[in-house]
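Data block for final_12.pdb (PDB, C-alpha atoms, pLDDT in the B column):
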```pdb
ATOM      1  CA  MET A   1      45.890  -5.609  -4.652  1.00 55.00           C
ATOM      2  CA  THR A   2      48.126  -3.307  -6.674  1.00 61.00           C
ATOM      3  CA  PRO A   3      47.125   0.329  -7.162  1.00 61.00           C
ATOM      4  CA  ARG A   4      46.687  -0.276 -10.890  1.00 59.00           C
ATOM      5  CA  ARG A   5      44.466  -3.309 -10.321  1.00 59.00           C
ATOM      6  CA  LEU A   6      42.428  -1.414  -7.706  1.00 50.00           C
ATOM      7  CA  ALA A   7      41.933   1.495 -10.118  1.00 53.00           C
ATOM      8  CA  LEU A   8      40.832  -0.899 -12.862  1.00 48.00           C
ATOM      9  CA  THR A   9      38.396  -2.652 -10.502  1.00 53.00           C
ATOM     10  CA  LEU A  10      36.893   0.681  -9.410  1.00 50.00           C
ATOM     11  CA  ALA A  11      36.600   1.857 -13.030  1.00 51.00           C
ATOM     12  CA  LEU A  12      34.791  -1.345 -14.032  1.00 49.00           C
ATOM     13  CA  ALA A  13      32.465  -1.138 -11.026  1.00 51.00           C
ATOM     14  CA  THR A  14      31.662   2.492 -11.832  1.00 55.00           C
ATOM     15  CA  ALA A  15      30.996   1.647 -15.479  1.00 53.00           C
ATOM     16  CA  ALA A  16      28.771  -1.260 -14.479  1.00 52.00           C
ATOM     17  CA  PHE A  17      26.554   0.908 -12.261  1.00 52.00           C
ATOM     18  CA  ALA A  18      26.489   4.009 -14.489  1.00 51.00           C
ATOM     19  CA  PRO A  19      23.499   2.775 -16.553  1.00 52.00           C
ATOM     20  CA  LEU A  20      21.552   2.169 -13.328  1.00 49.00           C
ATOM     21  CA  ALA A  21      22.186   5.713 -12.172  1.00 49.00           C
ATOM     22  CA  ALA A  22      20.993   7.075 -15.508  1.00 50.00           C
ATOM     23  CA  HIS A  23      17.779   5.049 -15.288  1.00 55.00           C
ATOM     24  CA  ALA A  24      17.169   6.276 -11.747  1.00 59.00           C
ATOM     25  CA  GLN A  25      16.583   9.793 -13.068  1.00 72.00           C
ATOM     26  CA  ALA A  26      12.836  10.510 -13.086  1.00 73.00           C
ATOM     27  CA  ASP A  27      11.188  12.762 -15.628  1.00 78.00           C
ATOM     28  CA  LYS A  28       9.683  16.094 -14.548  1.00 82.00           C
ATOM     29  CA  PRO A  29       6.011  14.929 -14.410  1.00 76.00           C
ATOM     30  CA  THR A  30       7.017  11.983 -12.218  1.00 71.00           C
ATOM     31  CA  ILE A  31       9.024  14.228  -9.927  1.00 72.00           C
ATOM     32  CA  ASN A  32       6.079  16.645  -9.656  1.00 71.00           C
ATOM     33  CA  ALA A  33       3.702  13.776  -8.859  1.00 69.00           C
ATOM     34  CA  LEU A  34       6.028  12.448  -6.165  1.00 67.00           C
ATOM     35  CA  GLU A  35       6.475  15.888  -4.628  1.00 69.00           C
ATOM     36  CA  GLY A  36       2.711  16.374  -4.641  1.00 66.00           C
ATOM     37  CA  TYR A  37       2.152  12.990  -3.048  1.00 61.00           C
ATOM     38  CA  PHE A  38       4.587  13.596  -0.227  1.00 61.00           C
ATOM     39  CA  ASP A  39       3.241  17.110   0.376  1.00 61.00           C
ATOM     40  CA  PHE A  40      -0.444  16.145   0.331  1.00 54.00           C
ATOM     41  CA  VAL A  41      -0.966  15.521   4.072  1.00 50.00           C
ATOM     42  CA  ASP A  42       0.717  14.364   7.225  1.00 49.00           C
ATOM     43  CA  ALA A  43       2.041  10.811   7.419  1.00 51.00           C
ATOM     44  CA  ASN A  44      -0.929   9.185   9.159  1.00 52.00           C
ATOM     45  CA  ALA A  45      -3.794  10.917   7.348  1.00 59.00           C
ATOM     46  CA  GLY A  46      -4.213   8.063   4.900  1.00 83.00           C
ATOM     47  CA  THR A  47      -4.345   5.320   7.535  1.00 90.00           C
ATOM     48  CA  ILE A  48      -7.270   3.938   9.480  1.00 93.00           C
ATOM     49  CA  LEU A  49      -6.968   1.813  12.600  1.00 94.00           C
ATOM     50  CA  PRO A  50      -9.173  -1.275  12.892  1.00 96.00           C
ATOM     51  CA  GLU A  51     -10.579   0.250  16.100  1.00 96.00           C
ATOM     52  CA  GLN A  52     -11.886   3.204  14.107  1.00 95.00           C
ATOM     53  CA  ILE A  53     -14.190   1.113  11.917  1.00 96.00           C
ATOM     54  CA  PRO A  54     -17.508  -0.154  13.297  1.00 96.00           C
ATOM     55  CA  ALA A  55     -18.359  -3.567  11.820  1.00 96.00           C
ATOM     56  CA  GLU A  56     -21.335  -2.177   9.876  1.00 96.00           C
ATOM     57  CA  ASP A  57     -19.152   0.525   8.275  1.00 96.00           C
ATOM     58  CA  TYR A  58     -17.093  -1.972   6.283  1.00 96.00           C
ATOM     59  CA  ARG A  59     -19.959  -1.969   3.762  1.00 95.00           C
ATOM     60  CA  LYS A  60     -19.266   1.713   3.099  1.00 96.00           C
ATOM     61  CA  PHE A  61     -15.763   0.883   1.872  1.00 97.00           C
ATOM     62  CA  TYR A  62     -14.470  -0.816  -1.236  1.00 98.00           C
ATOM     63  CA  VAL A  63     -12.201  -3.181   0.705  1.00 98.00           C
ATOM     64  CA  LEU A  64      -9.192  -4.147  -1.404  1.00 98.00           C
ATOM     65  CA  ASP A  65      -7.004  -7.077  -0.353  1.00 98.00           C
ATOM     66  CA  VAL A  66      -3.721  -6.863  -2.271  1.00 98.00           C
ATOM     67  CA  ARG A  67      -2.242 -10.132  -1.000  1.00 98.00           C
ATOM     68  CA  ASP A  68      -1.815 -13.102  -3.322  1.00 97.00           C
ATOM     69  CA  ALA A  69      -4.819 -15.254  -4.204  1.00 98.00           C
ATOM     70  CA  ALA A  70      -3.780 -18.137  -1.915  1.00 98.00           C
ATOM     71  CA  GLN A  71      -3.653 -15.874   1.145  1.00 98.00           C
ATOM     72  CA  PHE A  72      -6.962 -14.291   0.179  1.00 98.00           C
ATOM     73  CA  ALA A  73      -8.582 -17.724  -0.245  1.00 98.00           C
ATOM     74  CA  LYS A  74      -7.340 -18.793   3.187  1.00 98.00           C
ATOM     75  CA  ASP A  75      -8.931 -15.811   4.978  1.00 97.00           C
ATOM     76  CA  HIS A  76      -9.704 -12.144   4.365  1.00 98.00           C
ATOM     77  CA  VAL A  77     -11.749  -9.206   5.577  1.00 98.00           C
ATOM     78  CA  PRO A  78     -15.402 -10.039   4.767  1.00 97.00           C
ATOM     79  CA  GLY A  79     -16.536  -8.383   1.539  1.00 97.00           C
ATOM     80  CA  ALA A  80     -13.008  -7.710   0.316  1.00 98.00           C
ATOM     81  CA  VAL A  81     -12.033  -7.864  -3.349  1.00 98.00           C
ATOM     82  CA  ASN A  82      -8.673  -9.421  -4.193  1.00 98.00           C
ATOM     83  CA  ILE A  83      -6.258  -7.839  -6.660  1.00 98.00           C
ATOM     84  CA  GLU A  84      -2.637  -8.809  -6.056  1.00 98.00           C
ATOM     85  CA  TRP A  85      -0.577  -5.682  -5.242  1.00 96.00           C
ATOM     86  CA  ARG A  86       1.506  -5.793  -8.423  1.00 96.00           C
ATOM     87  CA  GLN A  87      -1.683  -5.751 -10.508  1.00 97.00           C
ATOM     88  CA  VAL A  88      -3.576  -2.980  -8.718  1.00 97.00           C
ATOM     89  CA  PHE A  89      -2.259  -0.139 -10.850  1.00 95.00           C
ATOM     90  CA  ALA A  90      -2.823  -2.048 -14.102  1.00 96.00           C
ATOM     91  CA  GLN A  91      -6.397  -2.826 -13.003  1.00 97.00           C
ATOM     92  CA  ARG A  92      -7.178   0.592 -11.530  1.00 97.00           C
ATOM     93  CA  ALA A  93     -10.023   1.149 -14.005  1.00 97.00           C
ATOM     94  CA  LYS A  94     -11.980  -1.470 -12.002  1.00 96.00           C
ATOM     95  CA  LEU A  95     -11.709   0.600  -8.827  1.00 98.00           C
ATOM     96  CA  PRO A  96     -14.353   3.116  -7.754  1.00 96.00           C
ATOM     97  CA  LYS A  97     -13.583   6.806  -7.493  1.00 93.00           C
ATOM     98  CA  ASP A  98     -16.858   7.528  -5.681  1.00 94.00           C
ATOM     99  CA  LYS A  99     -16.293   5.207  -2.729  1.00 95.00           C
ATOM    100  CA  THR A 100     -13.445   5.056  -0.197  1.00 96.00           C
ATOM    101  CA  ILE A 101     -11.007   2.262  -1.021  1.00 97.00           C
ATOM    102  CA  LEU A 102      -9.658   0.573   2.108  1.00 97.00           C
ATOM    103  CA  VAL A 103      -6.525  -1.266   1.018  1.00 97.00           C
ATOM    104  CA  TYR A 104      -4.575  -3.858   3.000  1.00 98.00           C
ATOM    105  CA  CYS A 105      -2.001  -6.643   2.733  1.00 97.00           C
ATOM    106  CA  ASN A 106      -0.474  -8.642   5.595  1.00 97.00           C
ATOM    107  CA  THR A 107       1.468  -5.803   7.208  1.00 94.00           C
ATOM    108  CA  SER A 108       0.699  -2.682   5.108  1.00 92.00           C
ATOM    109  CA  SER A 109       3.977  -2.615   3.168  1.00 92.00           C
ATOM    110  CA  PHE A 110       2.638  -3.759  -0.229  1.00 95.00           C
ATOM    111  CA  ALA A 111      -0.703  -2.064   0.369  1.00 95.00           C
ATOM    112  CA  ALA A 112       1.130   1.231   0.970  1.00 93.00           C
ATOM    113  CA  GLN A 113       2.863   0.882  -2.399  1.00 93.00           C
ATOM    114  CA  ALA A 114      -0.431   0.205  -4.159  1.00 95.00           C
ATOM    115  CA  ALA A 115      -2.093   3.107  -2.325  1.00 93.00           C
ATOM    116  CA  MET A 116       0.723   5.467  -3.262  1.00 90.00           C
ATOM    117  CA  ALA A 117       0.494   4.514  -6.938  1.00 92.00           C
ATOM    118  CA  LEU A 118      -3.270   5.035  -6.925  1.00 93.00           C
ATOM    119  CA  ARG A 119      -2.992   8.399  -5.168  1.00 89.00           C
ATOM    120  CA  MET A 120      -0.387   9.531  -7.673  1.00 87.00           C
ATOM    121  CA  ASP A 121      -2.873   8.626 -10.404  1.00 90.00           C
ATOM    122  CA  GLY A 122      -5.542  10.850  -8.858  1.00 89.00           C
ATOM    123  CA  PHE A 123      -7.368   8.479  -6.503  1.00 91.00           C
ATOM    124  CA  GLU A 124      -7.966  10.694  -3.490  1.00 88.00           C
ATOM    125  CA  ASN A 125     -10.274   8.129  -1.893  1.00 92.00           C
ATOM    126  CA  VAL A 126      -7.627   5.569  -0.863  1.00 94.00           C
ATOM    127  CA  ARG A 127      -7.055   4.701   2.792  1.00 95.00           C
ATOM    128  CA  LEU A 128      -4.636   2.182   4.266  1.00 95.00           C
ATOM    129  CA  LEU A 129      -5.715  -0.283   6.954  1.00 96.00           C
ATOM    130  CA  TYR A 130      -3.095   0.328   9.627  1.00 94.00           C
ATOM    131  CA  GLY A 131      -0.934  -2.742  10.265  1.00 94.00           C
ATOM    132  CA  GLY A 132      -2.614  -4.752   7.513  1.00 97.00           C
ATOM    133  CA  TYR A 133      -4.513  -7.993   7.872  1.00 98.00           C
ATOM    134  CA  ASN A 134      -2.295  -9.332  10.656  1.00 97.00           C
ATOM    135  CA  GLU A 135      -2.906  -6.302  12.858  1.00 96.00           C
ATOM    136  CA  TRP A 136      -6.609  -6.245  11.943  1.00 97.00           C
ATOM    137  CA  LYS A 137      -6.938  -9.869  13.046  1.00 97.00           C
ATOM    138  CA  ALA A 138      -4.893  -9.334  16.228  1.00 97.00           C
ATOM    139  CA  ARG A 139      -7.028  -6.348  17.245  1.00 96.00           C
ATOM    140  CA  GLY A 140     -10.279  -8.272  16.849  1.00 96.00           C
ATOM    141  CA  GLY A 141     -11.107  -8.106  13.157  1.00 96.00           C
ATOM    142  CA  MET A 142     -14.668  -6.976  12.571  1.00 97.00           C
ATOM    143  CA  GLU A 143     -15.080  -6.558  16.338  1.00 96.00           C
ATOM    144  CA  ALA A 144     -12.023  -4.313  16.886  1.00 96.00           C
ATOM    145  CA  PHE A 145     -14.201  -1.190  17.172  1.00 95.00           C
ATOM    146  CA  ALA A 146     -16.600  -2.837  19.644  1.00 94.00           C
ATOM    147  CA  ARG A 147     -13.698  -4.147  21.753  1.00 93.00           C
ATOM    148  CA  ALA A 148     -12.045  -0.735  21.844  1.00 92.00           C
ATOM    149  CA  SER A 149     -15.344   0.931  22.744  1.00 90.00           C
ATOM    150  CA  LYS A 150     -15.826  -1.409  25.717  1.00 88.00           C
ATOM    151  CA  LYS A 151     -12.376  -0.519  27.077  1.00 78.00           C
ATOM    152  CA  ASN A 152     -13.201   3.190  27.074  1.00 67.00           C
TER     153      ASN A 152
END
```
Go ahead and render the structure in this file as structure tokens.
Amino acid sequence: MTPRRLALTLALATAAFAPLAAHAQADKPTINALEGYFDFVDANAGTILPEQIPAEDYRKFYVLDVRDAAQFAKDHVPGAVNIEWRQVFAQRAKLPKDKTILVYCNTSSFAAQAAMALRMDGFENVRLLYGGYNEWKARGGMEAFARASKKN
């Protein structure tokens, strides 16, 4: 490739990505909310292990399954409500502020995004089920606490 052609290619590539860089700039309130979110506590404070929840305590939570409807229909944590992760923020008015929301997906990745958005909107009652549904199931589901207690 000639130096002139290389320069032209680089200029076009830069021009093509320039609008993306401009859109990546967050406004001041968004930046403040993100800084506040990341400063609020240590990394694991918002997570709960399945072994930490006695079966009868699930009733104390608003259990939110953010997987798609087909996965929810196949199996879910008993008593869970299903709102697909991309819709959680839009439907946040349906969520309680006076009860702890225990949110999960299959592995915690989408649930963590939903939890972060809710926390940034002022929901201080959101907790993430560590490892998501897959880990919950692998650790014994509703009996994870009882199993862990027997080992100790």
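Atom CA of Ile48 of chain A sits 20.0 Å away from atom CA of Ile83 of chain A.
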Emit as JSON the padded axis-aligned box for all listed atoms of segment 126-130 of chain A, 6 Å per side, with centre and edge lengths in Å to one decimal.
```
{"center_x": -5.4, "center_y": 2.6, "center_z": 4.4, "size_x": 16.5, "size_y": 17.9, "size_z": 22.5}
```
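With distances restricted to all atoms listed in the file, A:Ile53 is the closest residue to Gly140 of chain A from A:Ala115, A:Ile53, A:Ala90, A:Ala80.
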Write out as a PyMOL selection string which residues come within 9 Å of segment 121-133 of chain A when counting only C-alpha atoms, dropping same-chain ones fewer than 2 positions away. chain A and resi 33+45-50+65+76-77+89+96-109+111-112+115-119+135-138+141
So that I can check the surroundings of Lys151 of chain A, please list as a JSON list (two decimals) with C-alpha atoms, in the coordinates of the input every protein, DNA and RNA residue that reaches within 12 Å of it, counting all atoms listed in the file and ignoring chain neighbours fewer than 6 positions away.
```
[["chain", "number", "residue", "atom", "x", "y", "z"],
["A", 51, "GLU", "CA", -10.58, 0.25, 16.10],
["A", 144, "ALA", "CA", -12.02, -4.31, 16.89],
["A", 145, "PHE", "CA", -14.20, -1.19, 17.17]]
```
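The two atoms in question, atom CA of Glu56 of chain A and atom CA of Met142 of chain A, are spaced 8.6 Å apart.
Counting all atoms listed in the file and comparing A:Ala26, A:Val81, A:Ala148, A:Leu95, the residue that lies closest to Gln52 of chain A is A:Ala148.
Between atom CA of Asn134 of chain A and atom CA of Ala73 of chain A there is a distance of 15.1 Å.
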